[in-house]
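Engineer: Take a look at model-v2.pdb, PDB, C-alpha atoms:
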MODEL        1
ATOM      1  CA  LYS T   1     123.622 -54.640 -61.166
ATOM      2  CA  SER T   2     125.787 -52.321 -63.246
ATOM      3  CA  MET T   3     126.755 -50.410 -60.058
ATOM      4  CA  ASP T   4     128.204 -53.499 -58.342
ATOM      5  CA  ARG T   5     131.716 -52.070 -58.187
ATOM      6  CA  TYR T   6     130.491 -49.137 -56.064
ATOM      7  CA  ILE T   7     128.363 -51.104 -53.597
ATOM      8  CA  ARG T   8     130.012 -52.131 -50.334
ATOM      9  CA  PHE T   9     126.865 -52.748 -48.269
ATOM     10  CA  ALA T  10     123.150 -52.823 -49.082
ATOM     11  CA  LEU T  11     120.176 -53.628 -46.841
ATOM     12  CA  LEU T  12     116.766 -54.370 -48.308
ATOM     13  CA  THR T  13     113.698 -54.386 -46.069
ATOM     14  CA  GLY T  14     110.048 -55.023 -46.818
ATOM     15  CA  VAL T  15     106.919 -56.872 -45.782
ATOM     16  CA  THR T  16     107.352 -60.146 -47.618
ATOM     17  CA  LYS T  17     110.411 -62.003 -48.769
ATOM     18  CA  PHE T  18     111.980 -61.333 -52.165
ATOM     19  CA  GLY T  19     112.091 -64.752 -53.853
ATOM     20  CA  LYS T  20     115.215 -65.917 -55.679
ATOM     21  CA  VAL T  21     113.501 -67.161 -58.768
ATOM     22  CA  SER T  22     116.524 -67.985 -60.871
ATOM     23  CA  VAL T  23     120.291 -68.514 -60.683
ATOM     24  CA  PHE T  24     120.494 -65.725 -63.265
ATOM     25  CA  SER T  25     118.482 -63.274 -61.143
ATOM     26  CA  ASP T  26     120.049 -59.886 -60.484
ATOM     27  CA  LEU T  27     119.343 -60.437 -56.772
ATOM     28  CA  ASN T  28     120.316 -64.083 -56.445
ATOM     29  CA  ASN T  29     123.204 -63.359 -54.070
ATOM     30  CA  LEU T  30     121.154 -61.816 -51.277
ATOM     31  CA  ARG T  31     121.672 -63.079 -47.744
ATOM     32  CA  ASP T  32     118.373 -63.476 -45.935
ATOM     33  CA  ILE T  33     118.892 -62.487 -42.272
ATOM     34  CA  SER T  34     115.186 -62.488 -41.348
ATOM     35  CA  MET T  35     115.466 -65.403 -38.903
ATOM     36  CA  GLU T  36     119.167 -65.226 -37.966
ATOM     37  CA  PHE T  37     119.835 -64.951 -34.238
ATOM     38  CA  ALA T  38     122.414 -62.149 -34.616
ATOM     39  CA  TYR T  39     119.768 -59.806 -36.067
ATOM     40  CA  ILE T  40     116.655 -60.678 -34.062
ATOM     41  CA  GLY T  41     116.356 -57.190 -32.553
ATOM     42  CA  ILE T  42     117.290 -55.110 -35.574
ATOM     43  CA  CYS T  43     113.778 -54.090 -36.651
ATOM     44  CA  GLY T  44     111.978 -53.397 -33.394
ATOM     45  CA  ILE T  45     112.232 -52.243 -29.790
ATOM     46  CA  THR T  46     113.285 -54.739 -27.133
ATOM     47  CA  GLU T  47     111.881 -54.650 -23.618
ATOM     48  CA  GLU T  48     115.237 -53.511 -22.244
ATOM     49  CA  GLU T  49     115.294 -50.643 -24.758
ATOM     50  CA  LEU T  50     111.719 -49.676 -23.895
ATOM     51  CA  HIS T  51     112.491 -49.452 -20.170
ATOM     52  CA  SER T  52     115.791 -47.594 -20.607
ATOM     53  CA  VAL T  53     115.710 -45.466 -23.768
ATOM     54  CA  PHE T  54     111.985 -44.676 -23.437
ATOM     55  CA  LYS T  55     111.907 -44.445 -19.643
ATOM     56  CA  GLU T  56     110.615 -40.871 -19.597
ATOM     57  CA  GLY T  57     108.111 -41.602 -22.335
ATOM     58  CA  VAL T  58     106.626 -44.431 -20.263
ATOM     59  CA  LYS T  59     106.254 -42.108 -17.252
ATOM     60  CA  GLU T  60     104.585 -39.374 -19.311
ATOM     61  CA  LEU T  61     102.227 -41.870 -20.959
ATOM     62  CA  GLY T  62     101.231 -43.248 -17.574
ATOM     63  CA  ALA T  63     100.630 -39.801 -16.122
ATOM     64  CA  ALA T  64      98.443 -38.843 -19.097
ATOM     65  CA  ASN T  65      96.271 -41.938 -18.558
ATOM     66  CA  ASP T  66      96.187 -41.958 -14.735
ATOM     67  CA  MET T  67      98.266 -45.129 -14.612
ATOM     68  CA  SER T  68     101.314 -46.116 -12.587
ATOM     69  CA  VAL T  69     104.596 -46.870 -14.345
ATOM     70  CA  GLU T  70     104.094 -50.596 -13.783
ATOM     71  CA  GLU T  71     100.523 -50.473 -15.105
ATOM     72  CA  THR T  72     101.737 -48.571 -18.166
ATOM     73  CA  LYS T  73     104.478 -51.112 -18.853
ATOM     74  CA  ALA T  74     101.988 -53.979 -18.542
ATOM     75  CA  ARG T  75      99.555 -52.282 -20.924
ATOM     76  CA  LEU T  76     102.295 -51.603 -23.496
ATOM     77  CA  LYS T  77     103.389 -55.231 -23.300
ATOM     78  CA  GLU T  78      99.845 -56.540 -23.758
ATOM     79  CA  LEU T  79      99.147 -54.330 -26.777
ATOM     80  CA  TYR T  80     102.426 -54.033 -28.671
ATOM     81  CA  ASP T  81     104.910 -56.695 -27.527
ATOM     82  CA  GLY T  82     105.326 -60.293 -28.638
ATOM     83  CA  TYR T  83     107.092 -60.393 -32.019
ATOM     84  CA  HIS T  84     109.686 -63.130 -32.462
ATOM     85  CA  PHE T  85     111.886 -63.805 -35.479
ATOM     86  CA  ASN T  86     113.760 -66.795 -34.111
ATOM     87  CA  GLU T  87     113.060 -69.625 -31.669
ATOM     88  CA  ASP T  88     115.434 -67.967 -29.154
ATOM     89  CA  CYS T  89     114.299 -64.408 -29.825
ATOM     90  CA  VAL T  90     113.693 -61.847 -27.101
ATOM     91  CA  ASP T  91     110.328 -60.084 -27.164
ATOM     92  CA  ILE T  92     110.160 -57.325 -29.759
ATOM     93  CA  TYR T  93     107.738 -54.385 -29.514
ATOM     94  CA  ASN T  94     106.145 -52.857 -32.606
ATOM     95  CA  PRO T  95     108.097 -49.586 -33.102
ATOM     96  CA  PHE T  96     105.389 -47.867 -35.175
ATOM     97  CA  SER T  97     102.740 -48.430 -32.522
ATOM     98  CA  ILE T  98     105.049 -47.596 -29.606
ATOM     99  CA  LEU T  99     106.150 -44.277 -31.124
ATOM    100  CA  ASN T 100     102.576 -43.302 -31.978
ATOM    101  CA  THR T 101     101.438 -44.172 -28.462
ATOM    102  CA  PHE T 102     104.111 -41.950 -26.928
ATOM    103  CA  ALA T 103     103.445 -39.122 -29.386
ATOM    104  CA  LYS T 104      99.659 -39.098 -28.863
ATOM    105  CA  LYS T 105      99.739 -40.070 -25.164
ATOM    106  CA  ARG T 106      96.988 -42.635 -25.698
ATOM    107  CA  PHE T 107      96.760 -46.364 -26.393
ATOM    108  CA  GLY T 108      95.328 -47.267 -29.800
ATOM    109  CA  ASP T 109      95.376 -49.724 -32.697
ATOM    110  CA  TYR T 110      97.936 -47.783 -34.701
ATOM    111  CA  TRP T 111      99.301 -50.663 -36.726
ATOM    112  CA  PHE T 112      96.071 -51.010 -38.708
ATOM    113  CA  GLU T 113      96.321 -47.355 -39.746
ATOM    114  CA  THR T 114      99.128 -48.399 -42.101
ATOM    115  CA  GLY T 115      96.715 -50.385 -44.273
ATOM    116  CA  THR T 116      93.907 -52.935 -44.261
ATOM    117  CA  PRO T 117      94.595 -56.640 -44.884
ATOM    118  CA  THR T 118      91.969 -57.094 -47.622
ATOM    119  CA  PHE T 119      94.301 -59.245 -49.724
ATOM    120  CA  LEU T 120      94.959 -61.567 -46.771
ATOM    121  CA  VAL T 121      91.260 -62.012 -46.042
ATOM    122  CA  GLU T 122      90.474 -62.867 -49.656
ATOM    123  CA  LEU T 123      93.437 -65.252 -49.677
ATOM    124  CA  MET T 124      92.191 -67.066 -46.556
ATOM    125  CA  LYS T 125      88.700 -67.368 -48.019
ATOM    126  CA  GLY T 126      90.048 -68.674 -51.317
ATOM    127  CA  CYS T 127      92.168 -71.271 -49.502
ATOM    128  CA  GLY T 128      89.268 -72.398 -47.321
ATOM    129  CA  TYR T 129      91.356 -71.503 -44.272
ATOM    130  CA  SER T 130      89.906 -72.366 -40.858
ATOM    131  CA  LEU T 131      90.310 -69.277 -38.669
ATOM    132  CA  LYS T 132      90.639 -71.280 -35.441
ATOM    133  CA  LYS T 133      94.128 -72.238 -36.681
ATOM    134  CA  LEU T 134      95.200 -68.622 -36.162
ATOM    135  CA  MET T 135      95.441 -69.397 -32.447
ATOM    136  CA  ARG T 136      97.966 -72.193 -32.942
ATOM    137  CA  GLU T 137      99.370 -72.651 -36.421
ATOM    138  CA  TYR T 138     102.300 -74.895 -37.348
ATOM    139  CA  ALA T 139     104.989 -74.217 -39.927
ATOM    140  CA  THR T 140     108.539 -75.171 -40.896
ATOM    141  CA  ALA T 141     111.325 -72.646 -41.448
ATOM    142  CA  ASP T 142     111.316 -73.396 -45.178
ATOM    143  CA  SER T 143     107.591 -72.682 -45.471
ATOM    144  CA  LEU T 144     107.890 -69.407 -43.542
ATOM    145  CA  ASN T 145     110.639 -68.186 -45.839
ATOM    146  CA  GLY T 146     108.849 -69.070 -49.076
ATOM    147  CA  LEU T 147     105.893 -67.681 -50.962
ATOM    148  CA  GLU T 148     105.638 -70.195 -53.790
ATOM    149  CA  THR T 149     102.521 -71.934 -52.441
ATOM    150  CA  PHE T 150     100.838 -68.970 -50.759
ATOM    151  CA  ARG T 151      97.658 -69.334 -52.831
ATOM    152  CA  LYS T 152      97.145 -72.744 -51.229
ATOM    153  CA  ASN T 153      98.629 -71.838 -47.849
ATOM    154  CA  PRO T 154      98.301 -68.279 -46.474
ATOM    155  CA  VAL T 155     100.529 -68.923 -43.428
ATOM    156  CA  PRO T 156     103.831 -67.609 -44.928
ATOM    157  CA  ILE T 157     102.234 -64.250 -45.779
ATOM    158  CA  LEU T 158     100.416 -64.089 -42.427
ATOM    159  CA  TYR T 159     103.802 -64.558 -40.757
ATOM    160  CA  GLN T 160     105.846 -62.294 -43.012
ATOM    161  CA  SER T 161     103.308 -59.453 -42.778
ATOM    162  CA  GLY T 162     103.197 -59.625 -38.969
ATOM    163  CA  TYR T 163      99.739 -61.074 -38.285
ATOM    164  CA  LEU T 164     101.306 -64.232 -36.880
ATOM    165  CA  THR T 165     104.616 -64.622 -35.096
ATOM    166  CA  ILE T 166     106.683 -67.395 -33.525
ATOM    167  CA  LYS T 167     105.279 -68.443 -30.142
ATOM    168  CA  ASP T 168     107.187 -71.696 -29.605
ATOM    169  CA  TYR T 169     109.496 -74.179 -31.324
ATOM    170  CA  ASP T 170     109.472 -77.977 -31.438
ATOM    171  CA  SER T 171     113.145 -78.898 -31.843
ATOM    172  CA  ARG T 172     112.372 -82.574 -32.339
ATOM    173  CA  PHE T 173     110.309 -81.964 -35.479
ATOM    174  CA  LYS T 174     111.912 -78.598 -36.332
ATOM    175  CA  THR T 175     108.495 -76.988 -36.387
ATOM    176  CA  TYR T 176     107.453 -73.489 -35.362
ATOM    177  CA  ILE T 177     104.218 -72.840 -33.480
ATOM    178  CA  LEU T 178     102.671 -69.531 -34.549
ATOM    179  CA  GLY T 179     100.051 -67.246 -33.054
ATOM    180  CA  PHE T 180      99.010 -63.597 -32.761
ATOM    181  CA  PRO T 181     101.851 -61.447 -31.414
ATOM    182  CA  ASN T 182      99.732 -59.185 -29.204
ATOM    183  CA  ARG T 183      96.319 -57.735 -28.395
ATOM    184  CA  GLU T 184      96.589 -54.908 -30.933
ATOM    185  CA  VAL T 185      96.972 -57.303 -33.873
ATOM    186  CA  GLU T 186      94.481 -59.876 -32.591
ATOM    187  CA  ASP T 187      91.759 -57.345 -31.782
ATOM    188  CA  GLY T 188      92.256 -55.317 -34.970
ATOM    189  CA  PHE T 189      92.355 -58.356 -37.231
ATOM    190  CA  MET T 190      89.193 -59.858 -35.712
ATOM    191  CA  GLU T 191      87.311 -56.568 -36.067
ATOM    192  CA  PHE T 192      88.332 -56.474 -39.715
ATOM    193  CA  LEU T 193      87.368 -60.114 -40.311
ATOM    194  CA  LEU T 194      83.810 -59.830 -38.951
ATOM    195  CA  PRO T 195      82.348 -57.606 -41.714
ATOM    196  CA  SER T 196      84.364 -59.544 -44.288
ATOM    197  CA  TYR T 197      82.763 -62.849 -43.278
ATOM    198  CA  THR T 198      79.236 -61.573 -42.594
ATOM    199  CA  GLY T 199      78.711 -58.985 -45.320
ATOM    200  CA  MET T 200      78.074 -56.254 -42.726
ATOM    201  CA  ASP T 201      79.760 -52.876 -42.915
ATOM    202  CA  ASN T 202      82.260 -51.851 -40.227
ATOM    203  CA  SER T 203      79.865 -49.715 -38.190
ATOM    204  CA  GLU T 204      77.176 -52.431 -38.185
ATOM    205  CA  ALA T 205      79.717 -55.011 -37.057
ATOM    206  CA  THR T 206      81.016 -52.756 -34.262
ATOM    207  CA  PHE T 207      77.530 -52.057 -32.887
ATOM    208  CA  GLY T 208      76.624 -55.710 -33.343
ATOM    209  CA  VAL T 209      79.456 -56.847 -31.061
ATOM    210  CA  MET T 210      78.572 -54.126 -28.536
ATOM    211  CA  ASN T 211      74.968 -55.374 -28.400
ATOM    212  CA  PHE T 212      76.080 -59.000 -28.110
ATOM    213  CA  VAL T 213      78.166 -58.052 -25.070
ATOM    214  CA  LYS T 214      75.259 -56.162 -23.483
ATOM    215  CA  ASP T 215      72.912 -59.137 -24.036
ATOM    216  CA  ILE T 216      75.381 -61.493 -22.373
ATOM    217  CA  GLU T 217      76.034 -59.149 -19.459
ATOM    218  CA  ASN T 218      72.292 -58.605 -18.891
ATOM    219  CA  GLY T 219      71.460 -62.299 -19.019
ATOM    220  CA  ASP T 220      69.264 -61.852 -22.102
ATOM    221  CA  THR T 221      70.039 -65.141 -23.848
ATOM    222  CA  ASP T 222      67.072 -65.015 -26.240
ATOM    223  CA  SER T 223      68.070 -61.568 -27.463
ATOM    224  CA  PHE T 224      71.625 -62.830 -27.980
ATOM    225  CA  MET T 225      70.412 -65.796 -30.025
ATOM    226  CA  LYS T 226      68.028 -63.666 -32.110
ATOM    227  CA  ARG T 227      70.908 -61.331 -32.860
ATOM    228  CA  LEU T 228      73.071 -64.302 -33.830
ATOM    229  CA  THR T 229      70.324 -65.500 -36.188
ATOM    230  CA  THR T 230      70.316 -62.064 -37.817
ATOM    231  CA  PHE T 231      74.080 -62.310 -38.318
ATOM    232  CA  PHE T 232      73.699 -65.464 -40.397
ATOM    233  CA  ALA T 233      70.533 -64.287 -42.164
ATOM    234  CA  ASP T 234      72.405 -61.286 -43.548
ATOM    235  CA  THR T 235      75.290 -63.365 -44.871
ATOM    236  CA  PRO T 236      75.517 -63.233 -48.688
ATOM    237  CA  TYR T 237      75.260 -66.637 -50.360
ATOM    238  CA  GLU T 238      78.709 -66.388 -51.946
ATOM    239  CA  LEU T 239      80.289 -66.084 -48.473
ATOM    240  CA  ALA T 240      78.798 -69.360 -47.322
ATOM    241  CA  ARG T 241      79.467 -71.910 -50.046
ATOM    242  CA  ASP T 242      81.276 -74.153 -47.577
ATOM    243  CA  LEU T 243      78.572 -73.685 -44.979
ATOM    244  CA  GLU T 244      80.147 -75.671 -42.145
ATOM    245  CA  LEU T 245      83.487 -73.878 -42.407
ATOM    246  CA  HIS T 246      81.789 -70.500 -42.777
ATOM    247  CA  TYR T 247      79.620 -71.203 -39.736
ATOM    248  CA  GLN T 248      82.645 -72.134 -37.641
ATOM    249  CA  ASN T 249      84.646 -69.121 -38.848
ATOM    250  CA  VAL T 250      81.890 -66.606 -38.025
ATOM    251  CA  MET T 251      81.377 -68.148 -34.579
ATOM    252  CA  PHE T 252      85.123 -68.070 -33.973
ATOM    253  CA  ILE T 253      85.351 -64.368 -34.864
ATOM    254  CA  LEU T 254      82.306 -63.443 -32.798
ATOM    255  CA  PHE T 255      83.374 -65.218 -29.638
ATOM    256  CA  LYS T 256      86.962 -64.012 -30.029
ATOM    257  CA  LEU T 257      85.629 -60.441 -30.079
ATOM    258  CA  LEU T 258      83.387 -61.188 -27.101
ATOM    259  CA  GLY T 259      86.512 -62.390 -25.325
ATOM    260  CA  PHE T 260      87.942 -58.880 -25.389
ATOM    261  CA  TYR T 261      85.065 -57.712 -23.156
ATOM    262  CA  THR T 262      84.199 -60.924 -21.273
ATOM    263  CA  GLN T 263      85.910 -64.216 -20.495
ATOM    264  CA  ALA T 264      85.121 -66.277 -23.569
ATOM    265  CA  GLU T 265      86.636 -69.721 -24.033
ATOM    266  CA  TYR T 266      85.948 -71.926 -27.000
ATOM    267  CA  HIS T 267      86.908 -75.462 -27.950
ATOM    268  CA  THR T 268      86.311 -76.681 -31.463
ATOM    269  CA  SER T 269      86.273 -80.225 -32.814
ATOM    270  CA  GLU T 270      84.712 -82.074 -35.715
ATOM    271  CA  GLY T 271      81.383 -80.442 -36.538
ATOM    272  CA  ARG T 272      80.779 -78.799 -33.195
ATOM    273  CA  ILE T 273      81.639 -75.648 -31.271
ATOM    274  CA  ASP T 274      81.521 -75.541 -27.469
ATOM    275  CA  MET T 275      81.531 -72.121 -25.792
ATOM    276  CA  VAL T 276      81.940 -70.917 -22.217
ATOM    277  CA  VAL T 277      81.341 -67.196 -21.634
ATOM    278  CA  LYS T 278      81.797 -65.609 -18.214
ATOM    279  CA  THR T 279      80.600 -62.162 -17.108
ATOM    280  CA  LYS T 280      80.325 -60.511 -13.709
ATOM    281  CA  ASP T 281      76.954 -62.123 -12.979
ATOM    282  CA  TYR T 282      76.571 -65.018 -15.429
ATOM    283  CA  ILE T 283      78.347 -68.089 -16.780
ATOM    284  CA  TYR T 284      77.073 -69.451 -20.103
ATOM    285  CA  VAL T 285      77.776 -73.004 -21.238
ATOM    286  CA  MET T 286      76.841 -73.378 -24.908
ATOM    287  CA  GLU T 287      76.781 -76.363 -27.228
ATOM    288  CA  PHE T 288      76.231 -75.940 -30.978
ATOM    289  CA  LYS T 289      75.047 -78.741 -33.241
ATOM    290  CA  LEU T 290      75.097 -78.781 -37.023
ATOM    291  CA  ASP T 291      72.044 -80.514 -38.562
ATOM    292  CA  GLY T 292      71.123 -82.129 -35.264
ATOM    293  CA  THR T 293      68.637 -80.826 -32.729
ATOM    294  CA  ALA T 294      68.716 -78.301 -29.913
ATOM    295  CA  GLU T 295      67.639 -81.147 -27.616
ATOM    296  CA  GLU T 296      70.717 -83.159 -28.613
ATOM    297  CA  ALA T 297      72.929 -80.159 -27.883
ATOM    298  CA  MET T 298      71.378 -79.724 -24.428
ATOM    299  CA  GLN T 299      71.619 -83.456 -23.756
ATOM    300  CA  GLN T 300      75.348 -83.320 -24.543
ATOM    301  CA  ILE T 301      75.835 -80.490 -22.036
ATOM    302  CA  GLU T 302      74.029 -82.562 -19.404
ATOM    303  CA  SER T 303      75.501 -85.992 -20.163
ATOM    304  CA  LYS T 304      79.086 -84.761 -20.354
ATOM    305  CA  ASP T 305      78.751 -82.493 -17.301
ATOM    306  CA  TYR T 306      80.021 -79.434 -19.162
ATOM    307  CA  ALA T 307      78.526 -77.178 -16.476
ATOM    308  CA  LEU T 308      79.862 -79.117 -13.472
ATOM    309  CA  PRO T 309      83.069 -77.057 -13.006
ATOM    310  CA  PHE T 310      80.999 -73.869 -12.630
ATOM    311  CA  GLU T 311      78.151 -75.013 -10.349
ATOM    312  CA  CYS T 312      79.837 -73.738  -7.149
ATOM    313  CA  ASP T 313      81.002 -70.481  -8.718
ATOM    314  CA  GLY T 314      78.217 -68.302  -7.316
ATOM    315  CA  ARG T 315      77.271 -66.699 -10.606
ATOM    316  CA  LYS T 316      74.057 -67.647 -12.369
ATOM    317  CA  LEU T 317      74.651 -70.648 -14.632
ATOM    318  CA  VAL T 318      72.946 -70.640 -18.045
ATOM    319  CA  LYS T 319      72.977 -73.652 -20.376
ATOM    320  CA  VAL T 320      72.255 -73.103 -24.051
ATOM    321  CA  GLY T 321      71.732 -75.825 -26.658
ATOM    322  CA  VAL T 322      71.668 -74.635 -30.272
ATOM    323  CA  ASN T 323      71.077 -76.339 -33.604
ATOM    324  CA  PHE T 324      72.298 -74.871 -36.887
ATOM    325  CA  SER T 325      70.529 -76.050 -40.056
ATOM    326  CA  TYR T 326      72.203 -76.615 -43.416
ATOM    327  CA  GLU T 327      68.868 -76.244 -45.181
ATOM    328  CA  LYS T 328      67.958 -72.949 -43.508
ATOM    329  CA  ARG T 329      71.599 -71.784 -43.554
ATOM    330  CA  ASN T 330      70.993 -70.386 -40.103
ATOM    331  CA  VAL T 331      70.227 -71.115 -36.461
ATOM    332  CA  GLU T 332      67.193 -73.426 -36.499
ATOM    333  CA  ARG T 333      66.334 -73.604 -32.775
ATOM    334  CA  TRP T 334      67.786 -73.096 -29.330
ATOM    335  CA  ILE T 335      66.974 -74.205 -25.767
ATOM    336  CA  VAL T 336      67.913 -72.329 -22.608
ATOM    337  CA  LYS T 337      68.073 -73.801 -19.084
TER     338      LYS T 337
ENDMDL
END
Go ahead and render the structure in this file as structure tokens.

Structural biologist:
Amino acid sequence: KSMDRYIRFALLTGVTKFGKVSVFSDLNNLRDISMEFAYIGICGITEEELHSVFKEGVKELGAANDMSVEETKARLKELYDGYHFNEDCVDIYNPFSILNTFAKKRFGDYWFETGTPTFLVELMKGCGYSLKKLMREYATADSLNGLETFRKNPVPILYQSGYLTIKDYDSRFKTYILGFPNREVEDGFMEFLLPSYTGMDNSEATFGVMNFVKDIENGDTDSFMKRLTTFFADTPYELARDLELHYQNVMFILFKLLGFYTQAEYHTSEGRIDMVVKTKDYIYVMEFKLDGTAEEAMQQIESKDYALPFECDGRKLVKVGVNFSYEKRNVERWIVK
């Protein structure tokens, strides 16, 4: 503050916004340009810049991975593109990940090397945050720019730290629709969440997902369900105080991770989780009940014709009805047809 007479221009950058807590604050005259249209491309790499400035880098990366230029561009877009800082923003690529990819000539989850989001996970647990909202979260501009209520609402920090970004804008209600920016963030965040919500260590969680995928691909439904039962049996009591929410969150994480290796679709509503998982040879239609019966779950699949859209597909159709028990804090029974 005492150097004001020498300062002509100053730019402050960081992960989360610096709050103006008082009219007497030394930094109360800052101009926040985070969401201004004129500066939407200032902190990243646009697609035009990637294809022009990094043209040779894209070619070399493709050659090192036996990919065409077009395949390389598509892979870079899937992994590292998708950040938006305004409703009219062009796609912004993550510069840290892009530069590391070019330097090492391999695709990887480089962003998570900068740190682990332990604070965010604990914040979401403390808020009782439903993880399914990560796929389509809603927020106003004022909420995204503030941190005052973050202990009750983790969305501002999830946005400001890059785990969520603007996907769409509802001009009528002046509301932003948020979601994961790209595959790198989504995949990395889900892999981090699984041990945090199940009490497993990272290596156990990684091998657990690998075995789940193998069970599904081999048509071994009973093995899959036994493995799922083990997941919940190993969950520490303190992680499951709100059992219904915890159950839904773990299932969301698991099937999101399965979706990176198979086609996994999920639809959640009050008290139930419906899953459709597709592999090369099988299509699974699953219905989960909470404190009901496996028979009721199977009956719902049959009565509502959940499997009807897949009956002419050609792949083997497997129906699975599952009941989860509050008392047992685990899967109680399942039926396979």

Engineer: Between T:Asp242, T:Glu287, T:Glu332, T:Asp281, single out the one closest to T:Lys316, counting all atoms listed in the file.

Structural biologist: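 Looking only at the distances to T:Lys316, the closest residue turns out to be T:Asp281.
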
Engineer: Can you write out as JSON lines which residues of stretch 21-131 of chain T fall within 7 Å of stretch 168-192 of chain T, alongside each residue's closest atom pair and its distance in Å to one decimal, counting all atoms listed in the file and ordering rows by chain and ascending residue number?

Structural biologist:
{"residue": "T:Glu78", "atom": "CA", "partner": "T:Arg183", "partner_atom": "CA", "distance": 5.9}
{"residue": "T:Leu79", "atom": "CA", "partner": "T:Arg183", "partner_atom": "CA", "distance": 4.7}
{"residue": "T:Tyr80", "atom": "CA", "partner": "T:Asn182", "partner_atom": "CA", "distance": 5.8}
{"residue": "T:Asp81", "atom": "CA", "partner": "T:Asn182", "partner_atom": "CA", "distance": 6.0}
{"residue": "T:Gly82", "atom": "CA", "partner": "T:Pro181", "partner_atom": "CA", "distance": 4.6}
{"residue": "T:Tyr83", "atom": "CA", "partner": "T:Pro181", "partner_atom": "CA", "distance": 5.4}
{"residue": "T:Glu87", "atom": "CA", "partner": "T:Tyr169", "partner_atom": "CA", "distance": 5.8}
{"residue": "T:Asp109", "atom": "CA", "partner": "T:Glu184", "partner_atom": "CA", "distance": 5.6}
{"residue": "T:Phe112", "atom": "CA", "partner": "T:Gly188", "partner_atom": "CA", "distance": 6.9}

Engineer: Which residues match the PyMOL selection byres ((chain T and resi 89) around 10) in the file above, as a ChimeraX atom specification?

Structural biologist: /T:35-41,82-88,90-92,166-167

Engineer: Let me know the residues the PyMOL selection byres ((chain T and resi 302) around 12) catches in the file above, as a short mmCIF file (atom, residue, chain, number, x, y, z; two decimals) with C-alpha atoms, in the coordinates of the input.

Structural biologist:
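Contents of the output file expr.cif:
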data_model
loop_
_atom_site.label_atom_id
_atom_site.label_comp_id
_atom_site.auth_asym_id
_atom_site.auth_seq_id
_atom_site.Cartn_x
_atom_site.Cartn_y
_atom_site.Cartn_z
CA VAL T 285 77.78 -73.00 -21.24
CA MET T 286 76.84 -73.38 -24.91
CA GLU T 287 76.78 -76.36 -27.23
CA GLU T 295 67.64 -81.15 -27.62
CA GLU T 296 70.72 -83.16 -28.61
CA ALA T 297 72.93 -80.16 -27.88
CA MET T 298 71.38 -79.72 -24.43
CA GLN T 299 71.62 -83.46 -23.76
CA GLN T 300 75.35 -83.32 -24.54
CA ILE T 301 75.83 -80.49 -22.04
CA SER T 303 75.50 -85.99 -20.16
CA LYS T 304 79.09 -84.76 -20.35
CA ASP T 305 78.75 -82.49 -17.30
CA TYR T 306 80.02 -79.43 -19.16
CA ALA T 307 78.53 -77.18 -16.48
CA LEU T 308 79.86 -79.12 -13.47
CA LYS T 319 72.98 -73.65 -20.38
CA VAL T 320 72.26 -73.10 -24.05
CA GLY T 321 71.73 -75.82 -26.66
CA LYS T 337 68.07 -73.80 -19.08
#

Engineer: Using all atoms listed in the file, which residues sit within 12 Å of T:Thr230 once same-chain residues fewer than 3 positions away are excluded, as a list in words?

Structural biologist: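 Residues near the query, excluding close chain neighbours: Thr198, Gly199, Met200, Glu204, Ala205, Gly208, Phe212, Ser223, Phe224, Met225, Lys226, Arg227, Ala233, Asp234, Thr235, Arg329, Asn330, Val331 and Glu332 of chain T.
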